[in-house]
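K.L.:
My structure is below; once you've seen it, I'll send some questions.
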Amino acid sequence: MERYDYAATEKKWQEYWEKHDTFKAETGSKKPKFYALVEFPYPSGAGMHVGHIKAYSGLEVVSRKRRLQGYNVLFPIGFDAYGLPTENTAVKTGVHPRVVTDNNIVKFTNQLKRVGFSFDWSRVVDTTDEKYYKWTQWIFLKMFENGLVFRDKTLVNYCPSCKVVLSNEDSQGGKCDICHSDIVQKTKEVWYLRITEYADKLLQGLDEVNYLPNIRLQQENWIGKSTGAFVNFEIKENGEKLRIYTTRPDTLYGVTFMVIAPEHPIIEKYRDKIANIDALDAYKAECAKKSEFERTQLVKDKTGVKIEGLTAINPLTGKEIPVYVADYVMMGYGTGAIMAVPAHDTRDYDFAKKFGIDIIEVIKGGDISKEAYTGDGEMVNSDVLNGITNKKDAIEKVLGILAEKGVGEKGVQYKMKDWAFNRQRYWGEPIPIVHCPHCGMVPVPYDQLPLKLPPVDNFQPGSDGESPLAKIDSFVNCKCPKCGGDARRETDTMPQWAGSSWYFLRYCDPNNDNEFASKEALKYWMPVDWYNGGMEHVTRHMIYSRFWHKFLYDIGEVPTSEPYAKRTAQGLILGPDGEKMSKSRGNTIDPNDVVDNYGADVLRVYVLFMGDYEQAAPWNDSSMKGCKRFLDRIWGLQDILVDGDEYRSELMSSMHKTIKKVSEDIEAMKFNTAVAAMMSLLNEIYALGSINKAELRSLLIILNPFAPHITEEMYNKIFGGILSEQEWVKYDDALCVDSTIEVAVQVNGKIKAKIMIPAEAEQAEVLGIAKADDAVAAAIDGKNIVKEIYVKGRLVNIVVK
RNA sequence: GCGGGUGUGGCGGAAUUGGCAGACGCGCCAGACUUAGGAUCUGGUGUCUCCGACGUGCAGGUUCAAGUCCUGUCACCCGCACCA
């Protein structure tokens, strides 16, 4: 047998599949549909990463199996091509982002094709294509029309290096997500999408879908729903109502002070009445200097100032209580004011200790002289609540009293904030809005979409964070679509998340110029049956795209309320040193090198074999060579091939067991054990010294999703025809068992012997065989048998005394 | 601090969910073929005081039987983080 020429063979079959549209999805086919989605890549200049290969290989295997099982499979790919790295390259090199993007897309496409992924290449989408972003803008305008878009002047996270406003999501930990510089706070008028309006729907929708439990949990935590109560505290001096939010209204009798955020408007409103306004202003200035990061990092050290001149009244007890300003209360959550119950809240406790405020216990169970007690217990010092031991009952009762007195009511809050939806950058979708001095914000008419990005020479952002578009008069100056008067175009662009919020819809009908996708195509393909991607996208991208999809559902544009029926996530590939791969660490692996030196099939098998698909695992070159050896041995089967139309009895159960194992493991994404099972079978075949045609045919088919090139070649050579057009092989549960099996015999839980028994033997027979064994007989000789256990097909345990 | 996850040979990892711990692969050892081996093939390979015992981060417990269940504890990783 001549050596396997992986380079020539892989090229040959890639060309064949492409030429024959082997993996083309057919909208409207009578076959059952299966829509498998992987996260489309950002086409960076660095090219593909082995992480991409692993991310796509999972559903690649599932898709190839599904096709062999007779499904009409949609397995598309595209490019999420707007974004800062490309623009930064353009700024540095002067090459237009369009050109940079096109080059990178070509590079990525070639790399993906070399790995032999069975994508439907006729459906590629590119978010920066006018024909695509026309519909991104269209959806934005629909949201605008439906009141989900608004502008607001607020403190924003601003990256001084990228000169761009960032969402909370993009500035986690006080560092810019892109360049990792420190974020500063800046007041700016920005665009928002009212995602909070969908908070409940996004939460409830999780019941309709099948996401991995940790994925679901992350989304729930991100949305962060809490239920509690709003309560109005009257201010003694002026009758003003200071409204607070609390999740623990049951502790209302333990309130000894109140705290408001430094930015709370009541300070400005009554600044004349506040005796120590200078001290408050100074404190406020100090807080403004701190970044949000510093503010949240200095958790232990509580600071604040008492307001002299405002006194609150507890609505239940009528007691007067002091009001403080402190930056541990945020304006952005709840009402920006809290009732403080130091006995039962750790933050309030720290503050009260520092400022010498009373601490009143209202729930028994802890030691409030040492620390706050946040657990359950019997209510005390709480008037009508005294004696209640159940938190729920206490809350119910308090809510009743608050309602009766008209000073409070039940309420919910979400951690999720509205989505800051703009960037002062060039390389993004222009926001299709015109600012008219007479008409205000006017949407660009639908028939004028796409609002195209104008050509630019200088991509440098403006000095105060203005978009480069602001410098282009021909773009900025326009007529108001409503009144025809002189107007100015919005110059901000959409954030990178925009294009990826609906790409899965476009795949259904990617070349449609009249709709973002036809109703028929959407009805046929949606929802996505299985979506796999990285954990890092589980909160942002997944929440955003579910939001857009739910909105489109509400206005009747899509047929399903949820976009993704199932979501899984793969683990990272770490560098050979066990650290996260990064250019700076120099521990990256280039998939191109692997394909060059070992072939695409080896790369594919290895990324799936290296460990649990959902777990991170380090790259190991030697281990990968083991996969190369495996495929070489598969090739070598041709040397020991004999005729035969049926599995031989020697391999009967192994064949059925392996087919079953591979079939089931693929569905459970346990690709590593599926490969291991095929390796075991191969070892068995070589030990036997031969394989017949029926056995080889089945083995090639189950290996095909993992290593499509070599299996296609061998199939074609030996059987003629195209493997990708065959049927997935079946197994018979009844034939998965051997007639004679080995079981272990324990005496008092210690293994004493292994015996061969008929698979169907009952306990009495098995025990007879077991006791006839010398080692077992010796171990039980002269002892009393207390108990005898036989676990069918597993083991025997004889308990003696 | 809160939430989630993980701890198993020299390494990556298996273990039908309470039933033979270490499948499969790497590495290593020995042998074969070779002028040669960083190719290929065959065999071996958890540890030790090796006809026996000990072994799944650590300490207990339940059970005929525990990597798996329970209690406590330690370490590491990943999210979120003064969310009222």
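Residue names in the structure tokens use chain letters A, B, ... in the order shown, residue numbers from 1 in each chain, and ligand numbers from 1 in the order shown.
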Distance cut-off 9 Å, counting only C-alpha atoms (C1' of nucleotides) - which residues of chain B neighbour chain A? Return them as a list in words.
P.N.:
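Every residue meeting the condition is included here: G3, G4, G12, G13, A14, G19, C20, A23, C24, G25, C26, G27, C64, A65, G79, C80, A81, C82, C83 and A84 of chain B.
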K.L.:
DSSP on the backbone, then: every residue of region 553-648 of chain A marked alpha helix (DSSP H), written as a PyMOL selection string.
P.N.:
chain A and resi 553-554+591-598+600-609+621-636
K.L.:
Using only C-alpha atoms, find the one residue out of A:Glu429, A:Asp126, A:Glu650, A:Asp120 that sits nearest to Lys452 (chain A).
P.N.:
A:Glu429
K.L.:
Would you please work out which residue, of A:Ala279, A:Thr9, A:Phe459, A:Asp418, is nearest to Thr93 (chain A) when using only C-alpha atoms?
P.N.:
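Distance minimum relative to Thr93 (chain A) lands on A:Phe459.
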K.L.:
Write out as a JSON list (two decimals) with all heavy atoms, in the first residue's frame all residues of region 226-407 of chain A that DSSP puts in strand (DSSP E or B) for this structure's backbone.
P.N.:
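Wrote it out as result-v5.json, contents follow:
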```
[["chain", "number", "residue", "atom", "x", "y", "z"],
["A", 226, "SER", "N", -34.63, 40.99, 40.60],
["A", 226, "SER", "CA", -34.87, 40.83, 42.03],
["A", 226, "SER", "C", -36.27, 41.37, 42.32],
["A", 226, "SER", "O", -36.73, 42.32, 41.69],
["A", 226, "SER", "CB", -33.83, 41.56, 42.86],
["A", 226, "SER", "OG", -34.12, 42.94, 42.95],
["A", 227, "THR", "N", -36.94, 40.74, 43.27],
["A", 227, "THR", "CA", -38.25, 41.23, 43.65],
["A", 227, "THR", "C", -38.15, 41.81, 45.04],
["A", 227, "THR", "O", -37.43, 41.30, 45.89],
["A", 227, "THR", "CB", -39.31, 40.11, 43.64],
["A", 227, "THR", "OG1", -38.86, 39.08, 44.51],
["A", 227, "THR", "CG2", -39.50, 39.54, 42.26],
["A", 228, "GLY", "N", -38.88, 42.88, 45.26],
["A", 228, "GLY", "CA", -38.83, 43.55, 46.56],
["A", 228, "GLY", "C", -39.94, 44.57, 46.63],
["A", 228, "GLY", "O", -41.05, 44.31, 46.18],
["A", 229, "ALA", "N", -39.62, 45.72, 47.16],
["A", 229, "ALA", "CA", -40.66, 46.74, 47.33],
["A", 229, "ALA", "C", -40.06, 48.13, 47.18],
["A", 229, "ALA", "O", -38.89, 48.36, 47.48],
["A", 229, "ALA", "CB", -41.30, 46.60, 48.70],
["A", 230, "PHE", "N", -40.89, 49.02, 46.69],
["A", 230, "PHE", "CA", -40.56, 50.45, 46.73],
["A", 230, "PHE", "C", -41.25, 51.02, 47.96],
["A", 230, "PHE", "O", -42.41, 50.70, 48.23],
["A", 230, "PHE", "CB", -41.08, 51.15, 45.47],
["A", 230, "PHE", "CG", -40.32, 50.77, 44.23],
["A", 230, "PHE", "CD1", -40.88, 49.89, 43.31],
["A", 230, "PHE", "CD2", -39.05, 51.27, 44.00],
["A", 230, "PHE", "CE1", -40.18, 49.52, 42.17],
["A", 230, "PHE", "CE2", -38.35, 50.92, 42.85],
["A", 230, "PHE", "CZ", -38.91, 50.03, 41.94],
["A", 231, "VAL", "N", -40.54, 51.84, 48.70],
["A", 231, "VAL", "CA", -41.14, 52.46, 49.88],
["A", 231, "VAL", "C", -40.80, 53.95, 49.87],
["A", 231, "VAL", "O", -39.67, 54.34, 49.55],
["A", 231, "VAL", "CB", -40.59, 51.83, 51.18],
["A", 231, "VAL", "CG1", -41.30, 52.44, 52.40],
["A", 231, "VAL", "CG2", -40.75, 50.32, 51.17],
["A", 232, "ASN", "N", -41.80, 54.77, 50.18],
["A", 232, "ASN", "CA", -41.57, 56.22, 50.23],
["A", 232, "ASN", "C", -41.34, 56.65, 51.67],
["A", 232, "ASN", "O", -42.18, 56.41, 52.55],
["A", 232, "ASN", "CB", -42.79, 56.97, 49.68],
["A", 232, "ASN", "CG", -43.03, 56.60, 48.23],
["A", 232, "ASN", "OD1", -42.09, 56.40, 47.47],
["A", 232, "ASN", "ND2", -44.30, 56.49, 47.85],
["A", 233, "PHE", "N", -40.22, 57.28, 51.91],
["A", 233, "PHE", "CA", -39.93, 57.86, 53.22],
["A", 233, "PHE", "C", -40.17, 59.37, 53.11],
["A", 233, "PHE", "O", -39.65, 60.01, 52.20],
["A", 233, "PHE", "CB", -38.47, 57.60, 53.61],
["A", 233, "PHE", "CG", -38.20, 56.19, 54.10],
["A", 233, "PHE", "CD1", -38.36, 55.10, 53.25],
["A", 233, "PHE", "CD2", -37.80, 55.97, 55.41],
["A", 233, "PHE", "CE1", -38.10, 53.81, 53.69],
["A", 233, "PHE", "CE2", -37.54, 54.68, 55.86],
["A", 233, "PHE", "CZ", -37.70, 53.60, 55.02],
["A", 234, "GLU", "N", -40.92, 59.91, 54.03],
["A", 234, "GLU", "CA", -41.17, 61.35, 53.99],
["A", 234, "GLU", "C", -40.00, 62.09, 54.61],
["A", 234, "GLU", "O", -39.40, 61.66, 55.59],
["A", 234, "GLU", "CB", -42.45, 61.67, 54.76],
["A", 234, "GLU", "CG", -42.95, 63.08, 54.49],
["A", 234, "GLU", "CD", -44.30, 63.35, 55.16],
["A", 234, "GLU", "OE1", -45.20, 62.50, 55.03],
["A", 234, "GLU", "OE2", -44.40, 64.39, 55.82],
["A", 235, "ILE", "N", -39.67, 63.25, 53.99],
["A", 235, "ILE", "CA", -38.64, 64.11, 54.55],
["A", 235, "ILE", "C", -39.34, 65.13, 55.47],
["A", 235, "ILE", "O", -40.26, 65.84, 55.02],
["A", 235, "ILE", "CB", -37.85, 64.84, 53.44],
["A", 235, "ILE", "CG1", -37.18, 63.83, 52.51],
["A", 235, "ILE", "CG2", -36.83, 65.81, 54.05],
["A", 235, "ILE", "CD1", -36.12, 62.97, 53.16],
["A", 241, "LYS", "N", -41.06, 63.16, 49.22],
["A", 241, "LYS", "CA", -41.02, 61.70, 49.37],
["A", 241, "LYS", "C", -39.68, 61.18, 48.85],
["A", 241, "LYS", "O", -39.35, 61.41, 47.68],
["A", 241, "LYS", "CB", -42.15, 61.05, 48.57],
["A", 241, "LYS", "CG", -43.54, 61.50, 49.00],
["A", 241, "LYS", "CD", -44.01, 60.73, 50.22],
["A", 241, "LYS", "CE", -45.46, 61.02, 50.55],
["A", 241, "LYS", "NZ", -45.63, 62.28, 51.32],
["A", 242, "LEU", "N", -38.95, 60.54, 49.69],
["A", 242, "LEU", "CA", -37.70, 59.90, 49.26],
["A", 242, "LEU", "C", -38.00, 58.43, 49.03],
["A", 242, "LEU", "O", -38.32, 57.69, 49.95],
["A", 242, "LEU", "CB", -36.61, 60.08, 50.33],
["A", 242, "LEU", "CG", -35.22, 59.56, 49.99],
["A", 242, "LEU", "CD1", -34.72, 60.13, 48.67],
["A", 242, "LEU", "CD2", -34.23, 59.88, 51.10],
["A", 243, "ARG", "N", -37.90, 58.06, 47.75],
["A", 243, "ARG", "CA", -38.34, 56.71, 47.37],
["A", 243, "ARG", "C", -37.13, 55.76, 47.35],
["A", 243, "ARG", "O", -36.08, 56.09, 46.79],
["A", 243, "ARG", "CB", -38.98, 56.78, 45.99],
["A", 243, "ARG", "CG", -39.65, 55.52, 45.50],
["A", 243, "ARG", "CD", -40.46, 55.88, 44.25],
["A", 243, "ARG", "NE", -41.01, 54.72, 43.56],
["A", 243, "ARG", "CZ", -42.11, 54.10, 43.94],
["A", 243, "ARG", "NH1", -42.76, 54.50, 45.02],
["A", 243, "ARG", "NH2", -42.55, 53.06, 43.24],
["A", 244, "ILE", "N", -37.30, 54.59, 47.95],
["A", 244, "ILE", "CA", -36.22, 53.62, 47.97],
["A", 244, "ILE", "C", -36.70, 52.29, 47.41],
["A", 244, "ILE", "O", -37.90, 52.05, 47.29],
["A", 244, "ILE", "CB", -35.68, 53.40, 49.41],
["A", 244, "ILE", "CG1", -36.77, 52.83, 50.34],
["A", 244, "ILE", "CG2", -35.11, 54.68, 49.97],
["A", 244, "ILE", "CD1", -36.74, 51.35, 50.54],
["A", 245, "TYR", "N", -35.73, 51.46, 47.08],
["A", 245, "TYR", "CA", -36.05, 50.09, 46.68],
["A", 245, "TYR", "C", -35.37, 49.14, 47.66],
["A", 245, "TYR", "O", -34.21, 49.37, 48.03],
["A", 245, "TYR", "CB", -35.54, 49.80, 45.26],
["A", 245, "TYR", "CG", -35.73, 48.36, 44.85],
["A", 245, "TYR", "CD1", -37.01, 47.88, 44.56],
["A", 245, "TYR", "CD2", -34.65, 47.47, 44.79],
["A", 245, "TYR", "CE1", -37.20, 46.56, 44.21],
["A", 245, "TYR", "CE2", -34.85, 46.14, 44.43],
["A", 245, "TYR", "CZ", -36.12, 45.69, 44.14],
["A", 245, "TYR", "OH", -36.33, 44.38, 43.80],
["A", 246, "THR", "N", -36.08, 48.14, 48.09],
["A", 246, "THR", "CA", -35.49, 47.15, 48.99],
["A", 246, "THR", "C", -36.01, 45.76, 48.68],
["A", 246, "THR", "O", -37.14, 45.60, 48.23],
["A", 246, "THR", "CB", -35.79, 47.46, 50.47],
["A", 246, "THR", "OG1", -35.21, 46.43, 51.28],
["A", 246, "THR", "CG2", -37.29, 47.54, 50.74],
["A", 257, "PHE", "N", -31.02, 54.50, 59.41],
["A", 257, "PHE", "CA", -30.60, 55.65, 58.61],
["A", 257, "PHE", "C", -30.93, 55.38, 57.15],
["A", 257, "PHE", "O", -31.35, 54.27, 56.79],
["A", 257, "PHE", "CB", -29.10, 55.97, 58.78],
["A", 257, "PHE", "CG", -28.15, 54.86, 58.38],
["A", 257, "PHE", "CD1", -27.45, 54.93, 57.17],
["A", 257, "PHE", "CD2", -27.95, 53.76, 59.19],
["A", 257, "PHE", "CE1", -26.56, 53.94, 56.81],
["A", 257, "PHE", "CE2", -27.06, 52.75, 58.83],
["A", 257, "PHE", "CZ", -26.36, 52.84, 57.64],
["A", 258, "MET", "N", -30.75, 56.41, 56.32],
["A", 258, "MET", "CA", -30.95, 56.23, 54.89],
["A", 258, "MET", "C", -29.69, 56.70, 54.17],
["A", 258, "MET", "O", -28.93, 57.50, 54.69],
["A", 258, "MET", "CB", -32.15, 57.03, 54.40],
["A", 258, "MET", "CG", -33.44, 56.54, 55.03],
["A", 258, "MET", "SD", -34.87, 57.39, 54.35],
["A", 258, "MET", "CE", -35.02, 56.63, 52.76],
["A", 259, "VAL", "N", -29.49, 56.16, 52.98],
["A", 259, "VAL", "CA", -28.34, 56.57, 52.19],
["A", 259, "VAL", "C", -28.80, 56.88, 50.77],
["A", 259, "VAL", "O", -29.60, 56.14, 50.20],
["A", 259, "VAL", "CB", -27.26, 55.47, 52.14],
["A", 259, "VAL", "CG1", -26.02, 55.98, 51.41],
["A", 259, "VAL", "CG2", -26.91, 54.97, 53.52],
["A", 260, "ILE", "N", -28.31, 57.99, 50.23],
["A", 260, "ILE", "CA", -28.60, 58.29, 48.83],
["A", 260, "ILE", "C", -27.28, 58.38, 48.06],
["A", 260, "ILE", "O", -26.23, 58.64, 48.64],
["A", 260, "ILE", "CB", -29.42, 59.59, 48.67],
["A", 260, "ILE", "CG1", -28.63, 60.79, 49.20],
["A", 260, "ILE", "CG2", -30.77, 59.47, 49.38],
["A", 260, "ILE", "CD1", -29.32, 62.11, 48.91],
["A", 305, "VAL", "N", -21.13, 61.20, 53.86],
["A", 305, "VAL", "CA", -21.33, 62.45, 54.61],
["A", 305, "VAL", "C", -22.79, 62.52, 55.02],
["A", 305, "VAL", "O", -23.69, 62.24, 54.22],
["A", 305, "VAL", "CB", -20.98, 63.69, 53.74],
["A", 305, "VAL", "CG1", -21.23, 64.97, 54.52],
["A", 305, "VAL", "CG2", -19.54, 63.63, 53.25],
["A", 306, "LYS", "N", -23.02, 62.90, 56.26],
["A", 306, "LYS", "CA", -24.39, 63.07, 56.74],
["A", 306, "LYS", "C", -24.96, 64.38, 56.20],
["A", 306, "LYS", "O", -24.26, 65.39, 56.15],
["A", 306, "LYS", "CB", -24.39, 63.09, 58.27],
["A", 306, "LYS", "CG", -25.79, 63.10, 58.86],
["A", 306, "LYS", "CD", -25.73, 63.01, 60.37],
["A", 306, "LYS", "CE", -27.14, 63.15, 60.96],
["A", 306, "LYS", "NZ", -27.09, 63.13, 62.42],
["A", 307, "ILE", "N", -26.20, 64.34, 55.80],
["A", 307, "ILE", "CA", -26.84, 65.57, 55.30],
["A", 307, "ILE", "C", -27.46, 66.30, 56.48],
["A", 307, "ILE", "O", -28.34, 65.77, 57.16],
["A", 307, "ILE", "CB", -27.94, 65.24, 54.27],
["A", 307, "ILE", "CG1", -27.35, 64.42, 53.11],
["A", 307, "ILE", "CG2", -28.61, 66.51, 53.76],
["A", 307, "ILE", "CD1", -28.39, 63.99, 52.10],
["A", 308, "GLU", "N", -27.00, 67.50, 56.72],
["A", 308, "GLU", "CA", -27.56, 68.31, 57.81],
["A", 308, "GLU", "C", -28.69, 69.16, 57.23],
["A", 308, "GLU", "O", -28.45, 70.06, 56.43],
["A", 308, "GLU", "CB", -26.49, 69.23, 58.42],
["A", 308, "GLU", "CG", -25.21, 68.54, 58.89],
["A", 308, "GLU", "CD", -25.42, 67.66, 60.12],
["A", 308, "GLU", "OE1", -26.51, 67.72, 60.73],
["A", 308, "GLU", "OE2", -24.49, 66.90, 60.47],
["A", 309, "GLY", "N", -29.89, 68.83, 57.60],
["A", 309, "GLY", "CA", -31.00, 69.64, 57.08],
["A", 309, "GLY", "C", -32.07, 68.80, 56.41],
["A", 309, "GLY", "O", -33.13, 69.30, 56.05],
["A", 310, "LEU", "N", -31.81, 67.49, 56.23],
["A", 310, "LEU", "CA", -32.84, 66.60, 55.72],
["A", 310, "LEU", "C", -32.96, 65.42, 56.69],
["A", 310, "LEU", "O", -31.97, 64.76, 56.99],
["A", 310, "LEU", "CB", -32.49, 66.06, 54.32],
["A", 310, "LEU", "CG", -32.41, 67.06, 53.18],
["A", 310, "LEU", "CD1", -32.06, 66.34, 51.87],
["A", 310, "LEU", "CD2", -33.71, 67.84, 53.00],
["A", 311, "THR", "N", -34.15, 65.22, 57.19],
["A", 311, "THR", "CA", -34.39, 64.12, 58.12],
["A", 311, "THR", "C", -35.54, 63.28, 57.59],
["A", 311, "THR", "O", -36.58, 63.83, 57.21],
["A", 311, "THR", "CB", -34.78, 64.65, 59.52],
["A", 311, "THR", "OG1", -33.85, 65.67, 59.88],
["A", 311, "THR", "CG2", -34.75, 63.54, 60.55],
["A", 312, "ALA", "N", -35.35, 61.98, 57.56],
["A", 312, "ALA", "CA", -36.41, 61.13, 57.03],
["A", 312, "ALA", "C", -37.25, 60.57, 58.16],
["A", 312, "ALA", "O", -36.82, 60.53, 59.31],
["A", 312, "ALA", "CB", -35.80, 59.99, 56.22],
["A", 313, "ILE", "N", -38.48, 60.16, 57.81],
["A", 313, "ILE", "CA", -39.37, 59.57, 58.80],
["A", 313, "ILE", "C", -39.73, 58.15, 58.36],
["A", 313, "ILE", "O", -40.18, 57.93, 57.22],
["A", 313, "ILE", "CB", -40.66, 60.41, 58.95],
["A", 313, "ILE", "CG1", -40.28, 61.82, 59.42],
["A", 313, "ILE", "CG2", -41.63, 59.74, 59.90],
["A", 313, "ILE", "CD1", -41.42, 62.79, 59.32],
["A", 320, "GLU", "N", -37.78, 59.46, 63.49],
["A", 320, "GLU", "CA", -36.91, 60.27, 62.64],
["A", 320, "GLU", "C", -35.55, 59.60, 62.47],
["A", 320, "GLU", "O", -34.99, 59.09, 63.44],
["A", 320, "GLU", "CB", -36.71, 61.66, 63.27],
["A", 320, "GLU", "CG", -37.99, 62.47, 63.27],
["A", 320, "GLU", "CD", -37.77, 63.88, 63.78],
["A", 320, "GLU", "OE1", -36.59, 64.28, 63.96],
["A", 320, "GLU", "OE2", -38.77, 64.58, 64.00],
["A", 321, "ILE", "N", -35.06, 59.60, 61.24],
["A", 321, "ILE", "CA", -33.77, 58.96, 60.99],
["A", 321, "ILE", "C", -32.91, 59.84, 60.09],
["A", 321, "ILE", "O", -33.42, 60.57, 59.24],
["A", 321, "ILE", "CB", -33.94, 57.57, 60.31],
["A", 321, "ILE", "CG1", -34.90, 57.66, 59.13],
["A", 321, "ILE", "CG2", -34.43, 56.54, 61.32],
["A", 321, "ILE", "CD1", -35.07, 56.35, 58.39],
["A", 322, "PRO", "N", -31.58, 59.80, 60.28],
["A", 322, "PRO", "CA", -30.69, 60.64, 59.49],
["A", 322, "PRO", "C", -30.55, 60.13, 58.04],
["A", 322, "PRO", "O", -30.76, 58.96, 57.77],
["A", 322, "PRO", "CB", -29.35, 60.53, 60.22],
["A", 322, "PRO", "CG", -29.41, 59.22, 60.94],
["A", 322, "PRO", "CD", -30.85, 59.00, 61.29],
["A", 323, "VAL", "N", -30.17, 61.04, 57.16],
["A", 323, "VAL", "CA", -29.92, 60.69, 55.76],
["A", 323, "VAL", "C", -28.46, 60.99, 55.43],
["A", 323, "VAL", "O", -27.97, 62.08, 55.73],
["A", 323, "VAL", "CB", -30.84, 61.51, 54.82],
["A", 323, "VAL", "CG1", -30.62, 61.09, 53.37],
["A", 323, "VAL", "CG2", -32.30, 61.33, 55.21],
["A", 324, "TYR", "N", -27.80, 60.03, 54.81],
["A", 324, "TYR", "CA", -26.40, 60.18, 54.43],
["A", 324, "TYR", "C", -26.25, 60.15, 52.91],
["A", 324, "TYR", "O", -27.09, 59.58, 52.20],
["A", 324, "TYR", "CB", -25.55, 59.03, 55.00],
["A", 324, "TYR", "CG", -25.33, 59.13, 56.49],
["A", 324, "TYR", "CD1", -26.33, 58.73, 57.39],
["A", 324, "TYR", "CD2", -24.12, 59.57, 57.00],
["A", 324, "TYR", "CE1", -26.13, 58.81, 58.75],
["A", 324, "TYR", "CE2", -23.90, 59.64, 58.37],
["A", 324, "TYR", "CZ", -24.91, 59.27, 59.25],
["A", 324, "TYR", "OH", -24.70, 59.35, 60.59],
["A", 325, "VAL", "N", -25.16, 60.75, 52.46],
["A", 325, "VAL", "CA", -24.75, 60.55, 51.07],
["A", 325, "VAL", "C", -23.54, 59.62, 51.11],
["A", 325, "VAL", "O", -22.63, 59.85, 51.90],
["A", 325, "VAL", "CB", -24.34, 61.89, 50.42],
["A", 325, "VAL", "CG1", -23.72, 61.63, 49.04],
["A", 325, "VAL", "CG2", -25.54, 62.80, 50.29],
["A", 337, "ALA", "N", -31.49, 55.44, 46.14],
["A", 337, "ALA", "CA", -31.60, 55.70, 47.58],
["A", 337, "ALA", "C", -31.96, 54.39, 48.27],
["A", 337, "ALA", "O", -32.67, 53.56, 47.70],
["A", 337, "ALA", "CB", -32.70, 56.73, 47.85],
["A", 338, "ILE", "N", -31.45, 54.20, 49.47],
["A", 338, "ILE", "CA", -31.79, 52.97, 50.19],
["A", 338, "ILE", "C", -32.20, 53.28, 51.62],
["A", 338, "ILE", "O", -31.87, 54.33, 52.17],
["A", 338, "ILE", "CB", -30.60, 51.97, 50.24],
["A", 338, "ILE", "CG1", -29.42, 52.59, 51.01],
["A", 338, "ILE", "CG2", -30.19, 51.53, 48.86],
["A", 338, "ILE", "CD1", -28.43, 51.57, 51.52],
["A", 339, "MET", "N", -32.97, 52.34, 52.19],
["A", 339, "MET", "CA", -33.16, 52.35, 53.63],
["A", 339, "MET", "C", -32.07, 51.44, 54.18],
["A", 339, "MET", "O", -31.81, 50.37, 53.63],
["A", 339, "MET", "CB", -34.55, 51.81, 54.00],
["A", 339, "MET", "CG", -34.79, 50.37, 53.58],
["A", 339, "MET", "SD", -36.41, 49.78, 54.12],
["A", 339, "MET", "CE", -36.02, 48.08, 54.55],
["A", 340, "ALA", "N", -31.37, 51.88, 55.22],
["A", 340, "ALA", "CA", -30.25, 51.09, 55.72],
["A", 340, "ALA", "C", -30.65, 50.35, 56.99],
["A", 340, "ALA", "O", -31.20, 50.94, 57.92],
["A", 340, "ALA", "CB", -29.06, 51.99, 55.99],
["A", 363, "ILE", "N", -34.28, 40.57, 63.55],
["A", 363, "ILE", "CA", -34.40, 39.13, 63.29],
["A", 363, "ILE", "C", -33.41, 38.42, 64.21],
["A", 363, "ILE", "O", -32.21, 38.74, 64.21],
["A", 363, "ILE", "CB", -34.09, 38.80, 61.83],
["A", 363, "ILE", "CG1", -35.12, 39.47, 60.91],
["A", 363, "ILE", "CG2", -34.10, 37.29, 61.59],
["A", 363, "ILE", "CD1", -34.75, 39.42, 59.45],
["A", 379, "MET", "N", -38.86, 37.27, 64.18],
["A", 379, "MET", "CA", -38.88, 38.73, 64.16],
["A", 379, "MET", "C", -39.02, 39.26, 65.58],
["A", 379, "MET", "O", -39.84, 38.76, 66.36],
["A", 379, "MET", "CB", -40.06, 39.25, 63.32],
["A", 379, "MET", "CG", -40.15, 38.72, 61.89],
["A", 379, "MET", "SD", -38.92, 39.37, 60.76],
["A", 379, "MET", "CE", -39.17, 41.12, 60.94]]
```
K.L.:
Within 9 Å of region 37-51 of chain B, counting only C-alpha atoms (C1' of nucleotides), which residues show up once you throw out same-chain ones fewer than 5 positions away? Write them as a tab-separated table (two decimals) with C-alpha atoms (C1' of nucleotides), in the first residue's frame, please.
P.N.:
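Generated output (out30.tsv):
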```tsv
chain	number	residue	atom	x	y	z
B	9	G	C1'	-0.91	7.78	36.86
B	22	G	C1'	-7.00	4.40	35.17
B	28	C	C1'	8.46	5.99	28.99
B	29	C	C1'	10.79	0.75	29.07
B	30	A	C1'	12.06	-3.73	26.38
B	31	G	C1'	12.25	-6.34	21.84
B	32	A	C1'	11.80	-6.89	16.20
```
K.L.:
Please indicate the distance in Å from CA of Gly70 (chain A) to CA of Ser29 (chain A), rounded to one decimal place.
P.N.:
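These two atoms are separated by 11.2 Å.
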K.L.:
Which residues are close to Glu490 (chain A), i.e. within 7 Å by only C-alpha atoms (C1' of nucleotides), leaving aside same-chain residues fewer than 4 positions away? Reply as a list in words.
P.N.:
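Residues meeting the cut-off are Ile431, Ile433, Val434 and His435 of chain A.
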K.L.:
For the selection you just gave me, I'd like the residues written to a file as a JSON list (two decimals), in the first residue's frame, keeping C-alpha atoms.
P.N.:
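Result file follows (result10.json):
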```json
[["chain", "number", "residue", "atom", "x", "y", "z"],
["A", 431, "ILE", "CA", -27.14, 55.03, 12.42],
["A", 433, "ILE", "CA", -31.21, 59.06, 11.74],
["A", 434, "VAL", "CA", -31.27, 62.72, 10.71],
["A", 435, "HIS", "CA", -31.27, 65.55, 13.23]]
```
